[in-house]
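Here is upload-v9.pdb, consisting of PDB, C-alpha atoms, pLDDT in the B column:
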ATOM      1  CA  MET A   1       0.604  -9.017  44.181  1.00 39.00           C
ATOM      2  CA  GLY A   2      -2.831 -10.634  44.239  1.00 41.00           C
ATOM      3  CA  ASP A   3      -5.947 -10.223  42.147  1.00 48.00           C
ATOM      4  CA  ALA A   4      -6.805  -6.827  40.807  1.00 47.00           C
ATOM      5  CA  ILE A   5      -9.440  -4.734  42.596  1.00 52.00           C
ATOM      6  CA  GLY A   6     -10.916  -3.208  39.468  1.00 60.00           C
ATOM      7  CA  PRO A   7     -14.597  -3.803  40.344  1.00 64.00           C
ATOM      8  CA  VAL A   8     -14.121  -1.504  43.349  1.00 69.00           C
ATOM      9  CA  ALA A   9     -11.320   0.828  42.337  1.00 78.00           C
ATOM     10  CA  PHE A  10     -12.370   1.874  38.847  1.00 79.00           C
ATOM     11  CA  PRO A  11     -15.911   3.060  39.593  1.00 83.00           C
ATOM     12  CA  ALA A  12     -14.539   5.068  42.511  1.00 86.00           C
ATOM     13  CA  ALA A  13     -11.850   6.586  40.311  1.00 86.00           C
ATOM     14  CA  ARG A  14     -14.390   7.500  37.637  1.00 85.00           C
ATOM     15  CA  GLN A  15     -16.592   9.219  40.216  1.00 90.00           C
ATOM     16  CA  ALA A  16     -13.589  11.144  41.528  1.00 92.00           C
ATOM     17  CA  ALA A  17     -12.703  12.281  37.992  1.00 92.00           C
ATOM     18  CA  ALA A  18     -16.284  13.411  37.367  1.00 92.00           C
ATOM     19  CA  ARG A  19     -16.301  15.385  40.611  1.00 94.00           C
ATOM     20  CA  ALA A  20     -13.032  17.061  39.634  1.00 94.00           C
ATOM     21  CA  LEU A  21     -14.273  17.996  36.161  1.00 94.00           C
ATOM     22  CA  ALA A  22     -17.652  19.314  37.290  1.00 93.00           C
ATOM     23  CA  PRO A  23     -16.335  22.702  38.477  1.00 93.00           C
ATOM     24  CA  ASP A  24     -13.359  22.821  36.086  1.00 93.00           C
ATOM     25  CA  ALA A  25     -13.454  21.068  32.713  1.00 94.00           C
ATOM     26  CA  THR A  26      -9.814  21.977  31.991  1.00 95.00           C
ATOM     27  CA  LEU A  27      -8.152  19.583  34.470  1.00 95.00           C
ATOM     28  CA  ALA A  28      -5.923  17.385  32.315  1.00 96.00           C
ATOM     29  CA  GLU A  29      -5.224  14.944  35.155  1.00 95.00           C
ATOM     30  CA  ALA A  30      -8.933  14.260  35.595  1.00 96.00           C
ATOM     31  CA  TYR A  31      -9.312  13.385  31.906  1.00 96.00           C
ATOM     32  CA  THR A  32      -6.382  10.991  32.283  1.00 95.00           C
ATOM     33  CA  ALA A  33      -8.023   9.285  35.265  1.00 93.00           C
ATOM     34  CA  ARG A  34     -11.295   9.002  33.366  1.00 95.00           C
ATOM     35  CA  ALA A  35      -9.508   7.595  30.337  1.00 95.00           C
ATOM     36  CA  TYR A  36      -8.008   4.773  32.424  1.00 90.00           C
ATOM     37  CA  CYS A  37     -11.469   3.759  33.586  1.00 90.00           C
ATOM     38  CA  GLU A  38     -12.731   3.835  30.012  1.00 92.00           C
ATOM     39  CA  LEU A  39      -9.803   1.705  28.863  1.00 90.00           C
ATOM     40  CA  VAL A  40      -9.555  -0.990  31.527  1.00 85.00           C
ATOM     41  CA  TYR A  41     -12.984  -1.096  33.179  1.00 85.00           C
ATOM     42  CA  ASP A  42     -15.472   0.120  30.535  1.00 88.00           C
ATOM     43  CA  ARG A  43     -13.264  -1.100  27.677  1.00 88.00           C
ATOM     44  CA  ASP A  44     -14.587   1.757  25.611  1.00 91.00           C
ATOM     45  CA  PHE A  45     -11.464   2.255  23.536  1.00 92.00           C
ATOM     46  CA  ALA A  46     -12.711   5.140  21.418  1.00 93.00           C
ATOM     47  CA  ALA A  47     -13.745   7.066  24.540  1.00 95.00           C
ATOM     48  CA  SER A  48     -10.425   6.261  26.216  1.00 95.00           C
ATOM     49  CA  GLU A  49      -8.430   7.523  23.246  1.00 97.00           C
ATOM     50  CA  ALA A  50     -10.526  10.704  23.112  1.00 97.00           C
ATOM     51  CA  SER A  51     -10.047  11.385  26.827  1.00 97.00           C
ATOM     52  CA  PHE A  52      -6.290  10.861  26.667  1.00 97.00           C
ATOM     53  CA  ARG A  53      -6.065  13.183  23.668  1.00 98.00           C
ATOM     54  CA  THR A  54      -8.105  15.812  25.503  1.00 98.00           C
ATOM     55  CA  SER A  55      -5.709  15.557  28.437  1.00 97.00           C
ATOM     56  CA  ILE A  56      -2.711  16.006  26.110  1.00 97.00           C
ATOM     57  CA  ALA A  57      -4.336  18.980  24.381  1.00 97.00           C
ATOM     58  CA  LEU A  58      -4.942  20.653  27.739  1.00 97.00           C
ATOM     59  CA  SER A  59      -1.435  19.956  29.068  1.00 96.00           C
ATOM     60  CA  PRO A  60       1.074  18.775  26.422  1.00 95.00           C
ATOM     61  CA  SER A  61       3.896  18.613  28.975  1.00 94.00           C
ATOM     62  CA  LEU A  62       2.001  16.197  31.223  1.00 95.00           C
ATOM     63  CA  LEU A  63       3.778  12.865  30.876  1.00 94.00           C
ATOM     64  CA  GLU A  64       1.219  10.242  31.803  1.00 94.00           C
ATOM     65  CA  PRO A  65      -1.382  10.731  29.062  1.00 96.00           C
ATOM     66  CA  HIS A  66       1.294  10.316  26.389  1.00 96.00           C
ATOM     67  CA  TRP A  67       2.379   6.830  27.416  1.00 95.00           C
ATOM     68  CA  ALA A  68      -1.152   5.916  28.479  1.00 94.00           C
ATOM     69  CA  LEU A  69      -2.479   6.885  25.036  1.00 96.00           C
ATOM     70  CA  ALA A  70       0.219   4.623  23.591  1.00 96.00           C
ATOM     71  CA  HIS A  71      -1.177   1.846  25.794  1.00 90.00           C
ATOM     72  CA  THR A  72      -4.617   2.351  24.215  1.00 93.00           C
ATOM     73  CA  LEU A  73      -3.125   2.369  20.722  1.00 94.00           C
ATOM     74  CA  ILE A  74      -1.351  -0.940  21.423  1.00 91.00           C
ATOM     75  CA  VAL A  75      -4.680  -2.459  22.449  1.00 87.00           C
ATOM     76  CA  LEU A  76      -6.114  -1.295  19.111  1.00 88.00           C
ATOM     77  CA  ASP A  77      -3.141  -2.853  17.266  1.00 87.00           C
ATOM     78  CA  ARG A  78      -2.010   0.563  16.035  1.00 93.00           C
ATOM     79  CA  LEU A  79       1.565  -0.187  16.978  1.00 93.00           C
ATOM     80  CA  ASP A  80       3.362   2.401  14.858  1.00 96.00           C
ATOM     81  CA  GLU A  81       1.162   5.146  16.282  1.00 97.00           C
ATOM     82  CA  ALA A  82       1.872   3.832  19.770  1.00 96.00           C
ATOM     83  CA  GLU A  83       5.609   3.986  19.145  1.00 97.00           C
ATOM     84  CA  SER A  84       5.310   7.586  17.963  1.00 97.00           C
ATOM     85  CA  GLU A  85       3.396   8.544  21.103  1.00 96.00           C
ATOM     86  CA  LEU A  86       6.022   6.825  23.255  1.00 96.00           C
ATOM     87  CA  GLY A  87       8.616   8.974  21.504  1.00 96.00           C
ATOM     88  CA  ARG A  88       6.753  12.044  22.707  1.00 95.00           C
ATOM     89  CA  ALA A  89       6.637  10.612  26.220  1.00 95.00           C
ATOM     90  CA  ARG A  90      10.407  10.052  26.157  1.00 95.00           C
ATOM     91  CA  GLU A  91      10.878  13.731  25.332  1.00 95.00           C
ATOM     92  CA  VAL A  92       9.018  14.617  28.544  1.00 94.00           C
ATOM     93  CA  ASP A  93      10.671  12.093  30.902  1.00 94.00           C
ATOM     94  CA  PRO A  94      12.827   9.227  29.579  1.00 93.00           C
ATOM     95  CA  LEU A  95      13.070   7.646  33.058  1.00 91.00           C
ATOM     96  CA  SER A  96       9.321   7.246  33.696  1.00 93.00           C
ATOM     97  CA  PHE A  97       8.211   3.850  35.005  1.00 93.00           C
ATOM     98  CA  GLY A  98       5.000   4.112  32.999  1.00 92.00           C
ATOM     99  CA  LEU A  99       6.960   4.795  29.836  1.00 94.00           C
ATOM    100  CA  HIS A 100       9.217   1.772  30.374  1.00 94.00           C
ATOM    101  CA  LEU A 101       6.297  -0.554  31.067  1.00 92.00           C
ATOM    102  CA  THR A 102       4.359   0.644  28.030  1.00 94.00           C
ATOM    103  CA  GLU A 103       7.486   0.102  25.932  1.00 95.00           C
ATOM    104  CA  GLY A 104       7.455  -3.431  27.349  1.00 93.00           C
ATOM    105  CA  ALA A 105       3.814  -3.890  26.363  1.00 90.00           C
ATOM    106  CA  LEU A 106       4.658  -2.717  22.846  1.00 92.00           C
ATOM    107  CA  ALA A 107       7.526  -5.196  22.729  1.00 92.00           C
ATOM    108  CA  LEU A 108       5.128  -7.994  23.719  1.00 85.00           C
ATOM    109  CA  ALA A 109       2.684  -6.967  21.019  1.00 85.00           C
ATOM    110  CA  ARG A 110       5.529  -7.243  18.510  1.00 86.00           C
ATOM    111  CA  GLY A 111       6.597 -10.647  19.840  1.00 81.00           C
ATOM    112  CA  ASN A 112       9.782  -9.476  21.580  1.00 88.00           C
ATOM    113  CA  ALA A 113       9.469 -11.010  25.058  1.00 85.00           C
ATOM    114  CA  ASP A 114      13.158 -10.451  25.829  1.00 90.00           C
ATOM    115  CA  ALA A 115      12.769  -6.694  25.458  1.00 93.00           C
ATOM    116  CA  ALA A 116       9.582  -6.745  27.520  1.00 91.00           C
ATOM    117  CA  LEU A 117      11.321  -8.646  30.313  1.00 91.00           C
ATOM    118  CA  GLU A 118      14.228  -6.200  30.270  1.00 94.00           C
ATOM    119  CA  ARG A 119      11.842  -3.270  30.602  1.00 94.00           C
ATOM    120  CA  ALA A 120       9.988  -4.893  33.507  1.00 92.00           C
ATOM    121  CA  ARG A 121      13.178  -5.720  35.379  1.00 93.00           C
ATOM    122  CA  SER A 122      14.617  -2.246  34.835  1.00 93.00           C
ATOM    123  CA  VAL A 123      11.634  -0.908  36.770  1.00 93.00           C
ATOM    124  CA  LEU A 124      11.783  -3.611  39.450  1.00 92.00           C
ATOM    125  CA  GLU A 125      15.430  -2.811  40.123  1.00 93.00           C
ATOM    126  CA  LEU A 126      14.286   0.637  41.222  1.00 90.00           C
ATOM    127  CA  ASP A 127      10.989  -0.344  42.839  1.00 91.00           C
ATOM    128  CA  ALA A 128      10.627  -4.029  43.694  1.00 89.00           C
ATOM    129  CA  GLY A 129       7.003  -3.571  44.702  1.00 85.00           C
ATOM    130  CA  PHE A 130       5.726  -1.982  41.498  1.00 87.00           C
ATOM    131  CA  ALA A 131       2.708  -4.172  40.659  1.00 80.00           C
ATOM    132  CA  ASN A 132       2.449  -3.535  36.918  1.00 82.00           C
ATOM    133  CA  ALA A 133       6.123  -4.370  36.510  1.00 88.00           C
ATOM    134  CA  HIS A 134       5.506  -7.740  38.183  1.00 84.00           C
ATOM    135  CA  TRP A 135       2.599  -8.399  35.826  1.00 78.00           C
ATOM    136  CA  LEU A 136       4.698  -7.565  32.773  1.00 83.00           C
ATOM    137  CA  GLU A 137       7.579  -9.680  34.089  1.00 85.00           C
ATOM    138  CA  GLY A 138       5.275 -12.662  34.619  1.00 78.00           C
ATOM    139  CA  ILE A 139       3.847 -12.467  31.108  1.00 76.00           C
ATOM    140  CA  ALA A 140       7.272 -12.108  29.501  1.00 80.00           C
ATOM    141  CA  GLN A 141       8.645 -15.019  31.548  1.00 79.00           C
ATOM    142  CA  GLU A 142       5.760 -17.205  30.440  1.00 74.00           C
ATOM    143  CA  LEU A 143       6.544 -16.428  26.801  1.00 71.00           C
ATOM    144  CA  LEU A 144      10.209 -17.249  27.400  1.00 75.00           C
ATOM    145  CA  ASP A 145       9.341 -20.510  29.206  1.00 68.00           C
ATOM    146  CA  ALA A 146      11.050 -19.194  32.329  1.00 59.00           C
ATOM    147  CA  PRO A 147       9.849 -19.759  35.894  1.00 55.00           C
ATOM    148  CA  ALA A 148       7.769 -16.886  37.192  1.00 53.00           C
ATOM    149  CA  SER A 149       9.160 -15.168  40.273  1.00 54.00           C
ATOM    150  CA  SER A 150       6.106 -13.019  40.916  1.00 57.00           C
ATOM    151  CA  TYR A 151       2.332 -12.886  40.701  1.00 63.00           C
ATOM    152  CA  VAL A 152       1.084 -14.050  37.308  1.00 69.00           C
ATOM    153  CA  PRO A 153      -2.178 -12.463  36.102  1.00 75.00           C
ATOM    154  CA  PRO A 154      -5.111 -14.725  35.161  1.00 84.00           C
ATOM    155  CA  VAL A 155      -4.758 -13.846  31.476  1.00 84.00           C
ATOM    156  CA  CYS A 156      -1.204 -15.188  31.548  1.00 79.00           C
ATOM    157  CA  VAL A 157      -2.351 -18.412  33.248  1.00 82.00           C
ATOM    158  CA  ALA A 158      -4.955 -18.795  30.507  1.00 88.00           C
ATOM    159  CA  ARG A 159      -2.202 -18.517  27.911  1.00 84.00           C
ATOM    160  CA  VAL A 160      -0.252 -21.319  29.570  1.00 80.00           C
ATOM    161  CA  TYR A 161      -3.274 -23.616  29.529  1.00 85.00           C
ATOM    162  CA  ALA A 162      -3.968 -22.678  25.895  1.00 87.00           C
ATOM    163  CA  ARG A 163      -0.445 -23.668  24.946  1.00 82.00           C
ATOM    164  CA  LEU A 164      -0.867 -26.996  26.772  1.00 80.00           C
ATOM    165  CA  GLY A 165      -4.108 -27.695  24.925  1.00 88.00           C
ATOM    166  CA  GLU A 166      -6.183 -27.431  28.114  1.00 90.00           C
ATOM    167  CA  ILE A 167      -8.785 -25.266  26.415  1.00 94.00           C
ATOM    168  CA  ASP A 168     -11.501 -25.453  29.070  1.00 94.00           C
ATOM    169  CA  CYS A 169      -9.009 -24.480  31.773  1.00 90.00           C
ATOM    170  CA  ALA A 170      -7.830 -21.579  29.639  1.00 92.00           C
ATOM    171  CA  PHE A 171     -11.372 -20.256  29.325  1.00 95.00           C
ATOM    172  CA  ALA A 172     -11.950 -20.723  33.052  1.00 93.00           C
ATOM    173  CA  TRP A 173      -8.979 -18.437  33.710  1.00 92.00           C
ATOM    174  CA  LEU A 174     -10.210 -15.917  31.153  1.00 95.00           C
ATOM    175  CA  GLU A 175     -13.502 -15.879  33.024  1.00 94.00           C
ATOM    176  CA  ARG A 176     -11.584 -15.196  36.229  1.00 90.00           C
ATOM    177  CA  ALA A 177      -9.773 -12.382  34.456  1.00 90.00           C
ATOM    178  CA  LEU A 178     -13.110 -10.882  33.463  1.00 91.00           C
ATOM    179  CA  GLU A 179     -14.418 -11.131  37.019  1.00 88.00           C
ATOM    180  CA  ILE A 180     -11.522  -9.161  38.484  1.00 85.00           C
ATOM    181  CA  CYS A 181     -11.107  -6.747  35.539  1.00 84.00           C
ATOM    182  CA  ASP A 182      -7.600  -7.996  34.815  1.00 84.00           C
ATOM    183  CA  PRO A 183      -6.035  -4.990  33.038  1.00 82.00           C
ATOM    184  CA  TRP A 184      -4.216  -7.272  30.607  1.00 83.00           C
ATOM    185  CA  LEU A 185      -7.470  -8.473  29.035  1.00 89.00           C
ATOM    186  CA  VAL A 186      -7.416  -5.583  26.613  1.00 88.00           C
ATOM    187  CA  PHE A 187      -4.339  -7.103  24.929  1.00 87.00           C
ATOM    188  CA  LEU A 188      -6.075 -10.338  23.883  1.00 90.00           C
ATOM    189  CA  ASN A 189      -6.062  -9.452  20.185  1.00 87.00           C
ATOM    190  CA  VAL A 190      -2.375  -8.542  19.974  1.00 83.00           C
ATOM    191  CA  TRP A 191      -0.639 -11.113  22.173  1.00 77.00           C
ATOM    192  CA  PRO A 192       0.822 -14.310  20.744  1.00 71.00           C
ATOM    193  CA  ARG A 193       0.202 -17.847  22.025  1.00 75.00           C
ATOM    194  CA  LEU A 194      -3.554 -17.591  22.145  1.00 84.00           C
ATOM    195  CA  GLU A 195      -3.960 -19.241  18.741  1.00 85.00           C
ATOM    196  CA  PRO A 196      -5.446 -22.483  20.191  1.00 88.00           C
ATOM    197  CA  LEU A 197      -8.354 -20.413  21.521  1.00 93.00           C
ATOM    198  CA  ARG A 198      -9.071 -18.142  18.588  1.00 90.00           C
ATOM    199  CA  GLU A 199     -11.239 -20.559  16.596  1.00 90.00           C
ATOM    200  CA  ASP A 200     -13.348 -21.467  19.619  1.00 94.00           C
ATOM    201  CA  PRO A 201     -16.669 -19.549  19.687  1.00 94.00           C
ATOM    202  CA  ARG A 202     -16.059 -18.843  23.381  1.00 96.00           C
ATOM    203  CA  PHE A 203     -13.063 -16.712  22.483  1.00 95.00           C
ATOM    204  CA  ARG A 204     -15.178 -14.420  20.320  1.00 94.00           C
ATOM    205  CA  THR A 205     -17.616 -14.175  23.223  1.00 96.00           C
ATOM    206  CA  VAL A 206     -14.766 -13.094  25.497  1.00 95.00           C
ATOM    207  CA  LEU A 207     -13.644 -10.520  22.926  1.00 94.00           C
ATOM    208  CA  ARG A 208     -17.149  -9.102  22.749  1.00 93.00           C
ATOM    209  CA  ARG A 209     -17.295  -8.855  26.546  1.00 93.00           C
ATOM    210  CA  VAL A 210     -14.001  -6.982  26.493  1.00 92.00           C
ATOM    211  CA  ARG A 211     -15.359  -4.895  23.586  1.00 90.00           C
ATOM    212  CA  LEU A 212     -12.510  -5.868  21.301  1.00 90.00           C
ATOM    213  CA  PRO A 213     -12.910  -6.502  17.546  1.00 86.00           C
ATOM    214  CA  THR A 214     -13.866 -10.084  16.730  1.00 82.00           C
ATOM    215  CA  THR A 215     -12.566 -10.143  13.148  1.00 73.00           C
TER
END

Rewritten as structure tokens:
Amino acid sequence: MGDAIGPVAFPAARQAAARALAPDATLAEAYTARAYCELVYDRDFAASEASFRTSIALSPSLLEPHWALAHTLIVLDRLDEAESELGRAREVDPLSFGLHLTEGALALARGNADAALERARSVLELDAGFANAHWLEGIAQELLDAPASSYVPPVCVARVYARLGEIDCAFAWLERALEICDPWLVFLNVWPRLEPLREDPRFRTVLRRVRLPTT
């Protein structure tokens, strides 16, 4: 899996969601699609949470907005709330790939790379080409000091350079992540091993560009 195509894909997806909602403002799936754009591309976390909750209110049995809302809550470091929302997702479909990967993201946020790697590989056993599972696997492997067997996102490369003390290289990779709208950028405030960067003024600049809290 190569670089993300966010600069092209997300605006198109947002336009498609707007077209779907124009004649019918009760389409839960369209709110979910819009919420993804708000989360990963706009990085408007309040708007993303609101859109996911609207989708759930319109269709409580729809699986995706439950685990996707949990994803947003992880980004906001509201981990207990995220776990509760994942519980609701499990009630709908305990075998969902999205559920398993979001559980892996929650495990990473809590410092449990082993659990994250297990979740990623459980998905890859069923679908070896699932891109998000490869991303999660690569990040978990980096935390476990294991060789990566798949594409590693720019944010993960930045973390490696940060750990090695190559601060300028780390920021160069964060800049690359910003350019391609790396979806893992939104986790910068909750992932470990970025400590060497946190006191650098450039890191706060990156957080502001991602629209994450800087304190």

Between CA of Trp67 in chain A and CA of Leu99 in chain A, what is the distance in Å, rounded to a tenth?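 Atom-to-atom, CA of Trp67 in chain A to CA of Leu99 in chain A, that is 5.6 Å.
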
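On the file presented, the PyMOL selection byres ((chain A and resi 80-84) around 9) picks out Trp67, Leu69, Ala70, His71, Thr72, Leu73, Ile74, Asp77, Arg78, Leu79, Glu85, Leu86, Gly87, Arg88, Ala89, Glu103 and Leu106 of chain A.
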
Work out where the centre of an axis-aligned box around every listed atom of range 20-24 of chain A lies and how long its edges are once 4 Å is added on each side; give both in Å to one decimal as lines of an AutoDock Vina configuration file.
center_x = -15.3
center_y = 19.9
center_z = 37.9
size_x = 12.6
size_y = 13.8
size_z = 11.5

Can you spell out as a count of residues only the set of residues that the PyMOL selection byres ((chain A and resi 177-188) around 9) selects in the structure I just provided? 38

Distance of CA of Gly129 in chain A from CA of Gly98 in chain A, expressed in Å to one decimal place: 14.1 Å

Can you pull out the residues contacting range 13-22 of chain A? Cut-off 10 Å, using all atoms listed in the file, and skip same-chain residues under 5 positions away; I want them as a list in words.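 Residues near the query, excluding close chain neighbours: Gly6, Val8, Leu27, Ala28, Glu29, Ala30, Tyr31, Thr32, Ala33, Arg34, Ala35, Tyr36, Cys37, Glu38 and Tyr41 of chain A.
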
List every protein, DNA or RNA residue that has an atom no more than 12 Å from (-1.6, -25.2, 28.5) in the file's coordinate frame, counting all atoms listed in the file, and report them as a PDB file with C-alpha atoms, in the frame of the given file.
ATOM      1  CA  GLU A 142       5.760 -17.205  30.440  1.00 74.00           C
ATOM      2  CA  ASP A 145       9.341 -20.510  29.206  1.00 68.00           C
ATOM      3  CA  CYS A 156      -1.204 -15.188  31.548  1.00 79.00           C
ATOM      4  CA  VAL A 157      -2.351 -18.412  33.248  1.00 82.00           C
ATOM      5  CA  ALA A 158      -4.955 -18.795  30.507  1.00 88.00           C
ATOM      6  CA  ARG A 159      -2.202 -18.517  27.911  1.00 84.00           C
ATOM      7  CA  VAL A 160      -0.252 -21.319  29.570  1.00 80.00           C
ATOM      8  CA  TYR A 161      -3.274 -23.616  29.529  1.00 85.00           C
ATOM      9  CA  ALA A 162      -3.968 -22.678  25.895  1.00 87.00           C
ATOM     10  CA  ARG A 163      -0.445 -23.668  24.946  1.00 82.00           C
ATOM     11  CA  LEU A 164      -0.867 -26.996  26.772  1.00 80.00           C
ATOM     12  CA  GLY A 165      -4.108 -27.695  24.925  1.00 88.00           C
ATOM     13  CA  GLU A 166      -6.183 -27.431  28.114  1.00 90.00           C
ATOM     14  CA  ILE A 167      -8.785 -25.266  26.415  1.00 94.00           C
ATOM     15  CA  ASP A 168     -11.501 -25.453  29.070  1.00 94.00           C
ATOM     16  CA  CYS A 169      -9.009 -24.480  31.773  1.00 90.00           C
ATOM     17  CA  ALA A 170      -7.830 -21.579  29.639  1.00 92.00           C
ATOM     18  CA  PHE A 171     -11.372 -20.256  29.325  1.00 95.00           C
ATOM     19  CA  TRP A 173      -8.979 -18.437  33.710  1.00 92.00           C
ATOM     20  CA  ARG A 193       0.202 -17.847  22.025  1.00 75.00           C
ATOM     21  CA  LEU A 194      -3.554 -17.591  22.145  1.00 84.00           C
ATOM     22  CA  GLU A 195      -3.960 -19.241  18.741  1.00 85.00           C
ATOM     23  CA  PRO A 196      -5.446 -22.483  20.191  1.00 88.00           C
ATOM     24  CA  LEU A 197      -8.354 -20.413  21.521  1.00 93.00           C
TER      25      LEU A 197
END

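A straight line drawn from CA of Phe52 in chain A to CA of Pro65 in chain A is 5.5 Å long.
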
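The shortest atom-to-atom distance to Asn112 in chain A, with all atoms listed in the file taken into account, belongs to A:Leu144 out of A:Arg198, A:Ser55, A:Asp44, A:Leu144.
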
Between A:Arg204, A:Arg110, A:Arg121, A:His100, which one has atoms that come closest to Ala68 in chain A, using only C-alpha atoms?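 The shortest atom-to-atom distance to Ala68 in chain A comes from A:His100.
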
Quick one: which residues end up in the PyMOL selection byres ((chain A and resi 92) around 10) for this structure, as a VMD selection string? chain A and resid 60 to 64 66 86 to 91 93 to 96

Check the smallest atom-to-atom distance from each of A:Leu101, A:Ala107, A:Asp114, A:Ala9 to His134 in chain A using all atoms listed in the file, then report the winner.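 Ranked by minimum distance to His134 in chain A, first place goes to A:Leu101.
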